[in-house]
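**Q** What follows is final.tsv; its format and atoms are TSV, C-alpha atoms.
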```
chain	number	residue	atom	x	y	z
I	222	MET	CA	0.00	0.00	0.00
I	223	LEU	CA	1.34	3.43	-0.92
I	224	ALA	CA	1.79	5.71	2.06
I	225	HIS	CA	-0.63	8.31	0.74
I	226	GLN	CA	-3.43	5.84	0.06
I	227	PRO	CA	-6.02	5.50	2.79
I	228	MET	CA	-6.50	2.13	4.40
I	229	ARG	CA	-9.88	0.87	3.14
I	230	ILE	CA	-12.02	-0.81	5.80
I	231	ARG	CA	-15.18	-2.55	4.61
I	232	ILE	CA	-18.18	-2.57	6.92
I	233	SER	CA	-20.49	-4.92	5.11
I	234	GLY	CA	-23.46	-7.19	5.76
I	235	TYR	CA	-25.27	-7.31	9.07
I	236	ASN	CA	-23.48	-5.78	12.05
I	237	ASN	CA	-25.09	-6.91	15.27
I	238	ASP	CA	-23.97	-6.79	18.87
I	239	GLU	CA	-22.93	-10.37	19.53
I	240	PRO	CA	-19.39	-11.25	20.71
I	241	GLU	CA	-18.33	-12.25	17.20
I	242	ASP	CA	-19.48	-8.83	15.93
I	243	TYR	CA	-17.41	-7.13	18.60
I	244	GLU	CA	-14.34	-9.22	17.81
I	245	ARG	CA	-14.63	-8.09	14.18
I	246	LEU	CA	-14.76	-4.46	15.32
I	247	PHE	CA	-11.80	-4.94	17.66
I	248	LYS	CA	-9.76	-6.42	14.78
I	249	ILE	CA	-10.57	-3.35	12.70
I	250	ALA	CA	-9.56	-1.00	15.54
I	251	ASN	CA	-6.30	-2.89	16.09
I	252	ALA	CA	-5.46	-2.83	12.38
I	253	ILE	CA	-6.05	0.92	12.28
I	254	ARG	CA	-4.03	1.49	15.45
I	255	SER	CA	-1.04	-0.40	14.08
I	256	SER	CA	-1.13	1.42	10.73
I	257	GLY	CA	-0.14	5.04	10.30
I	258	ASN	CA	-2.37	5.51	7.26
I	259	ASP	CA	-5.48	7.56	6.77
I	260	VAL	CA	-8.67	5.50	6.75
I	261	LEU	CA	-11.58	5.10	4.36
I	262	PHE	CA	-14.62	3.34	5.80
I	263	ASP	CA	-16.53	1.63	3.02
I	264	PHE	CA	-20.19	1.02	3.88
I	265	ASN	CA	-21.21	0.13	0.35
I	266	GLU	CA	-22.40	-3.37	1.15
I	267	CYS	CA	-23.74	-2.63	4.59
I	268	GLN	CA	-27.22	-4.01	5.32
I	269	PHE	CA	-27.63	-3.38	9.04
I	270	LEU	CA	-25.90	-1.47	11.81
I	271	ALA	CA	-26.88	-2.02	15.43
I	272	GLN	CA	-26.27	0.75	17.94
I	273	ASN	CA	-23.02	-0.81	19.14
I	274	THR	CA	-21.40	-0.59	15.70
I	275	ILE	CA	-22.48	3.03	15.38
I	276	ALA	CA	-21.06	3.88	18.81
I	277	PHE	CA	-17.87	1.96	17.96
I	278	MET	CA	-17.45	3.58	14.53
I	279	GLY	CA	-18.05	6.99	16.11
I	280	GLY	CA	-15.42	6.39	18.76
I	281	LEU	CA	-12.97	4.99	16.23
I	282	THR	CA	-13.51	7.93	13.88
I	283	ALA	CA	-12.87	10.36	16.75
I	284	TRP	CA	-9.74	8.39	17.71
I	285	ILE	CA	-8.37	8.54	14.15
I	286	ILE	CA	-9.00	12.30	14.07
I	287	PHE	CA	-7.35	12.62	17.50
I	288	LYS	CA	-4.29	10.93	16.01
I	289	LYS	CA	-4.29	13.63	13.30
I	290	ARG	CA	-5.04	11.15	10.55
I	291	LYS	CA	-7.73	11.65	7.95
I	292	VAL	CA	-10.89	9.58	7.86
I	293	SER	CA	-13.49	9.41	5.12
I	294	TYR	CA	-16.66	7.45	4.46
I	295	SER	CA	-17.92	5.84	1.27
I	296	LEU	CA	-21.69	5.43	1.40
I	297	GLU	CA	-22.66	5.20	-2.28
I	298	GLY	CA	-24.08	1.68	-2.18
I	299	ILE	CA	-25.28	1.60	1.39
I	300	SER	CA	-28.77	0.24	2.03
I	301	SER	CA	-31.27	3.09	2.11
I	302	ALA	CA	-32.57	1.93	5.50
I	303	VAL	CA	-29.09	2.04	7.05
I	304	ARG	CA	-28.40	5.43	5.51
I	305	LYS	CA	-31.67	6.77	6.87
I	306	HIS	CA	-30.86	5.33	10.28
I	307	ILE	CA	-27.40	6.92	10.57
I	308	ASN	CA	-28.82	10.17	9.23
I	309	ASP	CA	-31.74	10.22	11.64
I	310	ASN	CA	-29.64	9.38	14.69
I	311	GLY	CA	-27.24	12.23	13.93
I	312	PHE	CA	-24.16	10.10	13.19
I	313	LEU	CA	-23.64	11.62	9.72
I	314	GLU	CA	-24.04	15.11	11.13
I	315	ALA	CA	-21.57	14.47	13.97
I	316	PHE	CA	-18.76	13.83	11.48
I	317	GLN	CA	-20.15	15.96	8.63
I	318	ILE	CA	-20.47	12.98	6.31
I	319	GLY	CA	-22.28	13.50	3.00
I	320	ASN	CA	-25.63	15.21	2.77
I	321	ASN	CA	-27.45	14.93	6.05
I	322	THR	CA	-30.36	16.48	7.86
I	323	GLY	CA	-29.04	16.09	11.38
I	324	HIS	CA	-30.81	14.21	14.14
I	325	VAL	CA	-34.48	13.62	13.42
I	326	LYS	CA	-36.28	14.01	16.73
I	327	ASP	CA	-38.78	11.47	18.02
I	328	THR	CA	-37.49	8.66	15.80
I	329	ALA	CA	-33.99	7.31	16.31
I	330	VAL	CA	-32.12	7.36	19.61
I	331	PRO	CA	-29.31	9.79	18.81
I	332	PHE	CA	-25.64	9.02	18.51
I	333	LYS	CA	-23.62	11.11	20.97
I	334	ILE	CA	-19.95	11.59	21.70
I	335	ASP	CA	-18.77	13.44	24.82
I	336	VAL	CA	-15.10	14.31	24.83
I	337	LYS	CA	-15.58	16.07	28.15
I	338	GLN	CA	-17.78	15.05	31.06
I	339	ASP	CA	-21.29	16.45	30.75
I	340	GLU	CA	-23.38	14.42	33.17
I	341	ILE	CA	-26.37	16.74	32.94
I	342	GLY	CA	-26.42	16.43	29.15
I	343	PHE	CA	-26.06	12.66	29.46
I	344	ILE	CA	-28.91	12.34	31.96
I	345	ASN	CA	-31.13	14.45	29.73
I	346	TYR	CA	-30.15	12.17	26.82
I	347	LEU	CA	-31.20	9.10	28.80
I	348	LEU	CA	-34.47	10.62	29.96
I	349	ASN	CA	-35.51	12.45	26.81
I	350	ASN	CA	-34.12	10.25	24.04
I	351	TRP	CA	-33.56	6.74	25.30
I	352	LEU	CA	-35.98	5.89	28.10
I	353	LEU	CA	-39.09	7.31	26.47
I	354	THR	CA	-42.29	6.06	28.05
I	355	SER	CA	-43.54	5.16	24.56
I	356	ARG	CA	-40.72	2.59	24.42
I	357	ILE	CA	-40.50	1.31	27.98
I	358	ASP	CA	-43.16	2.18	30.52
I	359	ILE	CA	-41.40	1.46	33.79
I	360	GLY	CA	-42.55	4.30	36.04
I	361	ASP	CA	-40.61	7.19	37.46
I	362	ASP	CA	-38.91	5.31	40.30
I	363	LEU	CA	-37.40	2.70	38.06
I	364	LYS	CA	-36.42	5.28	35.48
I	365	GLN	CA	-34.58	7.32	38.12
I	366	LEU	CA	-32.75	4.25	39.34
I	367	LEU	CA	-31.74	3.14	35.86
I	368	VAL	CA	-30.55	6.62	34.92
I	369	ALA	CA	-28.48	6.80	38.11
I	370	CYS	CA	-26.80	3.44	37.40
I	371	VAL	CA	-26.04	4.10	33.72
I	372	SER	CA	-24.77	7.56	34.67
I	373	GLU	CA	-22.27	5.97	37.03
I	374	ALA	CA	-20.93	3.89	34.15
I	375	TYR	CA	-20.64	7.13	32.15
I	376	LEU	CA	-18.79	8.92	34.98
I	377	ASN	CA	-16.39	5.99	35.35
I	378	VAL	CA	-15.04	6.75	31.88
I	379	PHE	CA	-13.98	10.22	32.95
I	380	HIS	CA	-12.66	9.13	36.35
I	381	HIS	CA	-10.81	5.98	35.35
I	382	ALA	CA	-10.42	5.41	31.62
I	383	ASN	CA	-8.13	8.21	30.41
I	384	SER	CA	-9.87	8.00	27.04
I	385	PRO	CA	-8.69	10.58	24.49
I	386	ILE	CA	-12.07	10.59	22.78
I	387	GLY	CA	-14.15	10.61	25.97
I	388	VAL	CA	-17.13	8.33	25.49
I	389	SER	CA	-19.10	7.39	22.39
I	390	ILE	CA	-22.75	6.51	22.99
I	391	CYS	CA	-25.61	5.15	20.95
I	392	GLY	CA	-28.94	3.68	21.91
I	393	GLN	CA	-31.48	1.79	19.87
I	394	TYR	CA	-35.06	0.67	20.25
I	395	PHE	CA	-36.14	-2.57	18.60
I	396	PRO	CA	-39.96	-2.57	18.64
I	397	ASN	CA	-40.27	-6.06	17.15
I	398	LYS	CA	-38.00	-7.60	19.76
I	399	GLN	CA	-39.36	-5.29	22.49
I	400	GLU	CA	-35.78	-4.46	23.40
I	401	LEU	CA	-34.08	-1.23	24.34
I	402	ASP	CA	-30.28	-1.11	24.09
I	403	ILE	CA	-27.53	1.34	24.86
I	404	THR	CA	-23.80	1.06	24.26
I	405	LEU	CA	-21.06	3.20	25.82
I	406	ILE	CA	-17.54	2.88	24.38
I	407	ASP	CA	-14.28	4.49	25.37
I	408	PHE	CA	-10.83	4.14	23.89
I	409	GLY	CA	-8.97	4.43	27.18
I	410	VAL	CA	-6.68	2.17	29.18
I	411	GLY	CA	-9.30	-0.46	29.93
I	412	ILE	CA	-10.62	-1.85	33.21
I	413	PRO	CA	-8.08	-4.72	33.53
I	414	TYR	CA	-5.20	-2.26	33.24
I	415	ASN	CA	-6.56	-0.16	36.11
I	416	VAL	CA	-7.40	-3.18	38.25
I	417	ASN	CA	-3.97	-4.73	37.75
I	418	ASN	CA	-2.25	-1.43	38.56
I	419	PHE	CA	-4.23	-1.39	41.79
I	420	LEU	CA	-4.04	-4.96	43.02
I	421	PRO	CA	-0.78	-6.52	44.20
I	422	ASN	CA	-1.37	-9.67	42.15
I	423	SER	CA	-2.21	-9.56	38.47
I	424	LEU	CA	-5.60	-10.91	37.38
I	425	THR	CA	-6.59	-12.16	33.95
I	426	SER	CA	-8.77	-9.68	32.06
I	427	PRO	CA	-12.04	-11.61	32.65
I	428	LYS	CA	-11.27	-11.88	36.39
I	429	ALA	CA	-10.37	-8.19	36.55
I	430	LEU	CA	-13.79	-7.33	35.07
I	431	LEU	CA	-15.53	-9.54	37.63
I	432	TRP	CA	-13.54	-7.89	40.41
I	433	ALA	CA	-14.70	-4.44	39.24
I	434	LEU	CA	-18.30	-5.66	38.98
I	435	LYS	CA	-18.34	-6.73	42.61
I	436	GLY	CA	-18.51	-3.06	43.56
I	437	ASN	CA	-14.74	-2.73	43.94
I	438	THR	CA	-13.05	0.35	42.60
I	439	THR	CA	-9.48	1.48	42.14
I	440	THR	CA	-9.90	5.02	43.47
I	441	THR	CA	-11.67	4.93	46.82
I	442	HIS	CA	-9.07	6.19	49.21
I	443	GLY	CA	-10.82	7.21	52.40
I	444	MET	CA	-14.32	6.63	51.06
I	445	ALA	CA	-16.65	3.70	50.55
I	446	ARG	CA	-17.24	2.57	46.98
I	447	GLY	CA	-19.82	3.22	44.26
I	448	LEU	CA	-22.75	0.88	43.92
I	449	GLY	CA	-23.96	1.69	40.42
I	450	LEU	CA	-22.72	-1.37	38.52
I	451	LYS	CA	-23.81	-3.67	41.33
I	452	ILE	CA	-27.36	-2.29	41.21
I	453	LEU	CA	-27.35	-2.32	37.42
I	454	LYS	CA	-26.41	-6.03	37.50
I	455	ASN	CA	-29.33	-6.74	39.78
I	456	PHE	CA	-31.61	-4.65	37.64
I	457	VAL	CA	-30.90	-6.37	34.31
I	458	GLN	CA	-31.13	-9.80	35.88
I	459	ARG	CA	-34.62	-9.10	37.16
I	460	ASN	CA	-35.57	-7.50	33.88
I	461	SER	CA	-34.34	-10.57	31.90
I	462	GLY	CA	-32.06	-8.13	30.13
I	463	LYS	CA	-28.29	-8.19	29.77
I	464	LEU	CA	-25.25	-6.26	30.92
I	465	GLU	CA	-22.15	-6.94	28.82
I	466	ILE	CA	-18.67	-5.56	29.30
I	467	TYR	CA	-15.67	-5.96	27.00
I	468	SER	CA	-12.22	-4.67	27.91
I	469	ASP	CA	-8.79	-5.91	26.83
I	470	THR	CA	-9.31	-9.67	26.38
I	471	GLY	CA	-12.12	-9.86	28.93
I	472	TYR	CA	-15.80	-10.29	28.23
I	473	VAL	CA	-18.44	-10.52	30.95
I	474	LEU	CA	-22.07	-11.36	30.35
I	475	ILE	CA	-24.64	-10.85	33.08
I	476	ASP	CA	-28.16	-12.04	32.46
I	477	LYS	CA	-30.93	-13.89	34.26
I	478	ASP	CA	-28.82	-17.06	34.25
I	479	GLY	CA	-26.01	-15.44	36.22
I	480	GLU	CA	-22.61	-13.99	35.59
I	481	LYS	CA	-20.20	-15.49	33.08
I	482	SER	CA	-16.76	-14.33	32.02
I	483	TYR	CA	-14.75	-15.26	28.94
I	484	GLU	CA	-11.34	-14.66	27.46
I	485	ILE	CA	-11.68	-13.37	23.90
I	486	SER	CA	-8.97	-13.75	21.30
I	487	THR	CA	-8.86	-10.15	20.06
I	488	PRO	CA	-7.92	-7.55	22.68
I	489	PHE	CA	-9.59	-4.15	22.75
I	490	ASN	CA	-7.75	-1.14	24.17
I	491	GLY	CA	-10.75	0.47	25.76
I	492	THR	CA	-14.03	-0.55	27.33
I	493	VAL	CA	-17.48	-1.37	25.98
I	494	ILE	CA	-20.50	-1.35	28.26
I	495	GLN	CA	-23.72	-2.56	26.73
I	496	VAL	CA	-27.09	-2.64	28.45
I	497	THR	CA	-30.04	-4.51	26.97
I	498	LEU	CA	-33.47	-4.09	28.54
I	499	ARG	CA	-36.70	-5.94	28.00
I	500	CYS	CA	-39.50	-3.45	27.33
I	501	ASP	CA	-42.38	-5.86	27.97
I	502	TRP	CA	-41.44	-6.27	31.61
I	503	ASN	CA	-44.09	-5.47	34.17
I	504	HIS	CA	-43.09	-7.29	37.31
I	505	TYR	CA	-41.00	-4.61	38.81
I	506	ASN	CA	-40.88	-4.21	42.56
I	507	LEU	CA	-38.66	-1.41	43.79
I	508	GLU	CA	-38.53	-2.75	47.32
I	509	GLY	CA	-37.48	-6.11	45.96
I	510	PHE	CA	-33.92	-5.07	45.40
I	511	LEU	CA	-33.47	-1.70	47.02
I	512	GLY	CA	-34.67	-2.81	50.41
I	513	GLU	CA	-37.39	-1.12	52.41
I	514	ILE	CA	-38.14	2.34	51.14
I	515	SER	CA	-40.18	3.72	54.00
I	516	PRO	CA	-38.89	7.22	54.78
I	517	SER	CA	-39.70	6.68	58.46
I	518	LEU	CA	-36.92	4.12	58.89
I	519	PRO	CA	-33.78	5.50	60.57
I	520	LEU	CA	-31.07	6.24	58.04
I	521	PHE	CA	-28.10	5.48	60.22
I	522	GLY	CA	-29.54	2.54	62.12
I	523	ARG	CA	-27.29	-0.47	61.78
I	524	ARG	CA	-28.50	-3.72	60.36
I	525	PRO	CA	-29.25	-6.29	63.06
C	59	MET	CA	-28.29	24.90	59.51
C	60	LEU	CA	-30.70	24.33	56.64
C	61	ILE	CA	-29.32	23.54	53.20
C	62	ASN	CA	-31.45	23.47	50.07
C	63	VAL	CA	-29.47	21.00	47.98
C	64	GLU	CA	-31.24	21.74	44.70
C	65	GLN	CA	-30.18	25.40	44.94
C	66	ILE	CA	-26.52	24.43	45.31
C	67	ILE	CA	-26.26	21.35	43.09
C	68	GLY	CA	-29.30	21.34	40.81
C	69	LEU	CA	-31.78	18.65	39.76
C	70	TYR	CA	-29.25	15.82	39.52
C	71	CYS	CA	-27.15	14.74	42.50
C	72	ILE	CA	-24.81	12.35	40.73
C	73	THR	CA	-21.14	13.20	40.94
C	74	LEU	CA	-18.60	12.75	43.69
C	75	GLU	CA	-17.48	16.36	43.15
C	76	ASP	CA	-20.98	17.67	43.87
C	77	GLY	CA	-21.24	15.40	46.90
C	78	GLN	CA	-17.95	16.78	48.19
C	79	LYS	CA	-19.41	20.32	47.99
C	80	ILE	CA	-22.20	19.29	50.36
C	81	TYR	CA	-19.80	17.41	52.63
C	82	ASP	CA	-17.55	20.46	52.90
C	83	LEU	CA	-20.53	22.54	53.99
C	84	ILE	CA	-21.99	20.18	56.56
C	85	HIS	CA	-19.04	18.28	58.01
C	86	PRO	CA	-17.62	21.16	60.11
C	87	LYS	CA	-21.07	21.88	61.57
C	88	LEU	CA	-21.80	18.26	62.42
C	89	HIS	CA	-18.33	17.77	63.80
C	90	ALA	CA	-18.94	20.72	66.11
C	91	GLY	CA	-22.18	19.13	67.31
C	92	GLU	CA	-24.56	21.40	65.42
C	93	SER	CA	-27.73	20.16	63.73
C	94	VAL	CA	-27.97	20.13	59.93
C	95	LYS	CA	-31.03	19.70	57.77
C	96	LEU	CA	-30.57	18.73	54.13
C	97	ASP	CA	-33.62	19.55	52.05
C	98	PHE	CA	-33.70	17.69	48.75
C	99	THR	CA	-36.89	19.27	47.42
C	100	GLY	CA	-36.69	19.40	43.63
C	101	VAL	CA	-33.82	16.93	43.22
C	102	LYS	CA	-34.84	14.27	40.69
C	103	ILE	CA	-31.91	11.87	40.31
C	104	PHE	CA	-29.47	10.50	42.86
C	105	ALA	CA	-26.43	8.30	42.34
C	106	SER	CA	-24.08	6.62	44.78
C	107	PRO	CA	-20.90	8.68	44.06
C	108	PHE	CA	-22.76	11.79	45.25
C	109	MET	CA	-24.20	9.98	48.27
C	110	ASN	CA	-20.84	8.49	49.23
C	111	ALA	CA	-19.08	11.83	49.14
C	112	ALA	CA	-21.84	13.94	50.71
C	113	ILE	CA	-23.06	11.62	53.46
C	114	GLY	CA	-21.31	8.23	53.52
C	115	GLN	CA	-17.99	9.97	54.10
C	116	LEU	CA	-19.30	11.59	57.30
C	117	LEU	CA	-19.08	8.20	59.00
C	118	GLY	CA	-15.30	8.45	58.74
C	119	ASP	CA	-15.10	10.50	61.91
C	120	ILE	CA	-18.64	10.98	63.23
C	121	ALA	CA	-20.50	8.16	64.99
C	122	ASP	CA	-23.69	6.92	63.34
C	123	LYS	CA	-25.69	7.61	66.51
C	124	THR	CA	-24.50	11.21	66.45
C	125	LEU	CA	-25.46	11.55	62.79
C	126	GLU	CA	-28.86	10.04	63.47
C	127	ARG	CA	-29.37	12.78	66.05
C	128	LEU	CA	-27.86	15.76	64.22
C	129	LEU	CA	-28.45	15.16	60.51
C	130	GLU	CA	-31.93	15.37	59.07
C	131	VAL	CA	-32.62	14.44	55.46
C	132	GLU	CA	-35.95	15.54	54.08
C	133	ASN	CA	-37.95	15.57	50.87
C	134	MET	CA	-35.80	12.95	49.18
C	135	THR	CA	-37.41	10.67	46.59
C	136	ALA	CA	-38.11	7.03	47.46
C	137	VAL	CA	-35.30	5.86	45.19
C	138	GLY	CA	-32.95	8.44	46.67
C	139	THR	CA	-33.79	7.33	50.21
C	140	SER	CA	-33.24	3.67	49.33
C	141	LEU	CA	-29.92	4.42	47.67
C	142	LEU	CA	-28.84	6.52	50.62
C	143	ARG	CA	-29.64	3.69	53.01
C	144	MET	CA	-27.51	1.32	50.89
C	145	VAL	CA	-24.67	3.83	50.77
C	146	ILE	CA	-24.80	4.31	54.55
C	147	ASN	CA	-24.78	0.55	55.17
C	148	ASN	CA	-21.83	0.23	52.83
C	149	ALA	CA	-19.98	3.11	54.52
C	150	GLN	CA	-20.69	1.69	57.99
C	151	GLU	CA	-19.14	-1.58	56.89
C	152	TYR	CA	-16.17	0.20	55.33
C	153	TYR	CA	-15.42	2.47	58.29
C	154	SER	CA	-16.07	-0.12	60.97
C	155	ASN	CA	-13.96	-2.79	59.34
C	156	GLN	CA	-10.47	-1.58	60.17
C	157	ASP	CA	-8.88	-4.59	58.47
C	158	LEU	CA	-10.73	-3.96	55.23
C	159	ARG	CA	-9.94	-0.25	55.35
C	160	ASN	CA	-6.27	-0.85	56.11
C	161	ALA	CA	-6.01	-3.38	53.31
C	162	VAL	CA	-7.56	-1.03	50.77
C	163	ASP	CA	-5.56	1.96	51.94
C	164	GLU	CA	-2.28	0.06	52.09
C	165	VAL	CA	-2.70	-1.11	48.53
C	166	LEU	CA	-3.59	2.42	47.47
C	167	ASP	CA	-0.55	3.84	49.24
C	168	ALA	CA	1.69	1.27	47.59
C	169	ALA	CA	0.16	2.09	44.21
C	170	SER	CA	0.78	5.80	44.85
C	171	GLU	CA	4.42	5.12	45.71
C	172	ASP	CA	4.85	3.15	42.49
C	173	ILE	CA	3.50	6.10	40.54
```
What would you get if you wrote out this structure as structure tokens?
**A**
Amino acid sequence: MLAHQPMRIRISGYNNDEPEDYERLFKIANAIRSSGNDVLFDFNECQFLAQNTIAFMGGLTAWIIFKKRKVSYSLEGISSAVRKHINDNGFLEAFQIGNNTGHVKDTAVPFKIDVKQDEIGFINYLLNNWLLTSRIDIGDDLKQLLVACVSEAYLNVFHHANSPIGVSICGQYFPNKQELDITLIDFGVGIPYNVNNFLPNSLTSPKALLWALKGNTTTTHGMARGLGLKILKNFVQRNSGKLEIYSDTGYVLIDKDGEKSYEISTPFNGTVIQVTLRCDWNHYNLEGFLGEISPSLPLFGRRP
Amino acid sequence: MLINVEQIIGLYCITLEDGQKIYDLIHPKLHAGESVKLDFTGVKIFASPFMNAAIGQLLGDIADKTLERLLEVENMTAVGTSLLRMVINNAQEYYSNQDLRNAVDEVLDAASEDI
């Protein structure tokens, strides 16, 4: 390849959010990282993009730009449905790709990239664009709890990840499957790196992810730890949804059947957090996993 | 001392930094034995980093019985109250378990020295 020619990356076919889809994306990211060339993303044979691929491509595009390399998109033969989707969710507008109308409100969950922490903007995004009552009618209590937990995952990127692109986010609503998804991706140091810098003995990447999911954190000096991921785990298990985390060679899947961790063959320098919710869920009981909520109980009373 | 949290922090009490602002206001008063009332009217969303920094951290040097007597929390949502109770339980465990605290702090100190 001549030095001035961009590296052509084909994003073709159906791009879902299964582990094999992620491994394909990680291979692409690693190939781009190890090459100094500019990049051309070729979507000409693309038939479907789930929210995770959009979040990943957004993060990768921002990373390439951060590295002062050029990135371009070829969309001539893209399926009209995919083109409409990445137009309506604001992805094309975010990177000024082709003719676009910007985010079309009240249809797609928008793509969003936050280089700097903006928790108020993120919470508004969750409330006003992702968790719409027309998609998932879970009541105000549950919505507040879910927003709090996902926001903690968002804040972790800025406190722990050292990601040059901040965090890339995309949600999606699948009415046929009655599923509501959101993916957060950073291109930082990864959870296993932080855990292994913190602990005296090195853990494998899957074990490091499990350690972090137990409510442990690497920056708690003098203060008890955050509970967001622990509550989120509980939440998705009751909802029959999923919480998935990829970082380095670790992959953790939490669903109603429990918690499983795997070593994957393609490492990713960063972290992916993906939440999948069931929308047709109506058995929620706040007290069931938050404990008694009566305001008359003493706050500082110790458990018997 | 009455503090309207929404006026200082806003609708969303999420971050550790915002929690620290509240802690810095109330800790000296509580430590001196004065009563504090935190009014959360208007606050919509709570997350544990805020709760840990604002309230959980108080247990580091003030007894829970003293806090029960001096610190009043009012007009907090049901979810906020539940989260706060979890955060307090967690902080009680952390601060009362000297072995756990020493282990965590020793590792952190060692990590700091390495850096």
**Q** With a distance threshold of 6 Å and counting only C-alpha atoms, extract the residues of chain C near chain I and express them as a list of chain:residue names.
**A**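 Only these qualify: C:Ile103, C:Ala105, C:Ser106, C:Pro107, C:Gln115, C:Asp122, C:Glu126, C:Ala136, C:Ser140, C:Arg143, C:Ala149, C:Tyr152.
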**Q** Is there a way to get, as a list in words, all residues within 10 Å of the point (-23.0, 3.1, 14.4) in file coordinates, counting all atoms listed in the file?
**A**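 Collected hits near the coordinates: Asn236, Phe269, Leu270, Ala271, Gln272, Asn273, Thr274, Ile275, Ala276, Phe277, Met278, Gly279, Gly280, Val303, His306, Ile307, Asn310, Phe312, Leu313, Phe332, Ser389, Ile390, Cys391 and Gly392 of chain I.
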**Q** Which value, in Å to one decimal, gives the distance between CA of Ser482 (chain I) and CA of Pro240 (chain I)?
**A**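 Distance reported for this atom pair: 12.0 Å.
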**Q** Go ahead and compute the interatomic distance for CA of Tyr346 (chain I) and CA of Val63 (chain C), in Å to one decimal.
**A**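 If I compute the distance from CA of Tyr346 (chain I) to CA of Val63 (chain C), I get 22.9 Å.
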**Q** For a test of reading the model, state the distance in Å between CA of Thr354 (chain I) and CA of Leu453 (chain I), rounded to one decimal.
**A**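 That distance, rounded to one decimal, is 19.5 Å.
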**Q** So which one's closest to Asp469 (chain I), I:Ile412, I:Ala374, I:Val388, I:Leu424? Using all atoms listed in the file, please.
**A**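 Distance minimum relative to Asp469 (chain I) lands on I:Ile412.
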**Q** Could you give me the axis-aligned bounding box of region 97-116 of chain C, with 4 Å of padding per side, as centre plus edge lengths in Å to one decimal, as lines of an AutoDock Vina configuration file?
**A**
```
center_x = -27.4
center_y = 13.1
center_z = 48.8
size_x = 26.9
size_y = 20.9
size_z = 25.0
```
**Q** Point out the residue among I:Tyr394, I:Tyr414, I:Tyr243, I:Tyr467 with the least atom-to-atom distance to Val493 (chain I), counting all atoms listed in the file.
**A**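 Smallest separation from Val493 (chain I) among the options: I:Tyr467.
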**Q** Write out as a VMD selection string the residues lying within 12 Å of Ala283 (chain I), counting all atoms listed in the file and excluding same-chain residues fewer than 6 positions away.
**A** chain I and resid 250 260 276 to 277 289 to 293 312 315 to 316 333 to 336 384 to 389 406 to 408
**Q** Contacts of Ile230 (chain I) at 10 Å or less, counting only C-alpha atoms, minus same-chain residues fewer than 2 places along, as an MDAnalysis selection string?
**A** chainID I and resid 227:228 232:233 249 252:253 260:264 294:295
**Q** Using only C-alpha atoms, pick whichever of C:Gly91, C:Gly118, C:Gly77, C:Gly138 has the shortest atom-to-atom distance to Met59 (chain C).
**A**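 Of the candidates, the smallest distance to Met59 (chain C) is held by C:Gly91.
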**Q** For Met109 (chain C), which residue out of C:Val145, C:Val131, C:Leu96, C:Leu88 is the nearest one, using only C-alpha atoms?
**A**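 Looking at the shortest contact to Met109 (chain C), the residue is C:Val145.
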**Q** Hey, what's within 10 Å of region 65-67 of chain C if we count all atoms listed in the file and toss same-chain stuff fewer than 5 positions away? As a list in words, please?
**A** Ile72, Thr73, Asp76, Gly77, Lys79, Ile80, Asp97, Phe98, Thr99, Gly100 and Val101 of chain C
**Q** Hey, which of I:Pro413, I:Gly257, I:Lys451, I:Val378 ends up closest to Leu141 (chain C)? Count all atoms listed in the file.
**A**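 Closest residue, counting all atoms listed in the file: I:Lys451.
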**Q** Just give me the residues with any atom within 12 Å of (-25.9, 22.1, 67.7), file coordinates, counting all atoms listed in the file, written as a count of residues only.
**A** 17
**Q** Counting only C-alpha atoms, figure out which residue out of C:Leu69, C:Ala112, C:Leu117, C:Leu83 gets nearest to Asn147 (chain C).
**A** C:Leu117
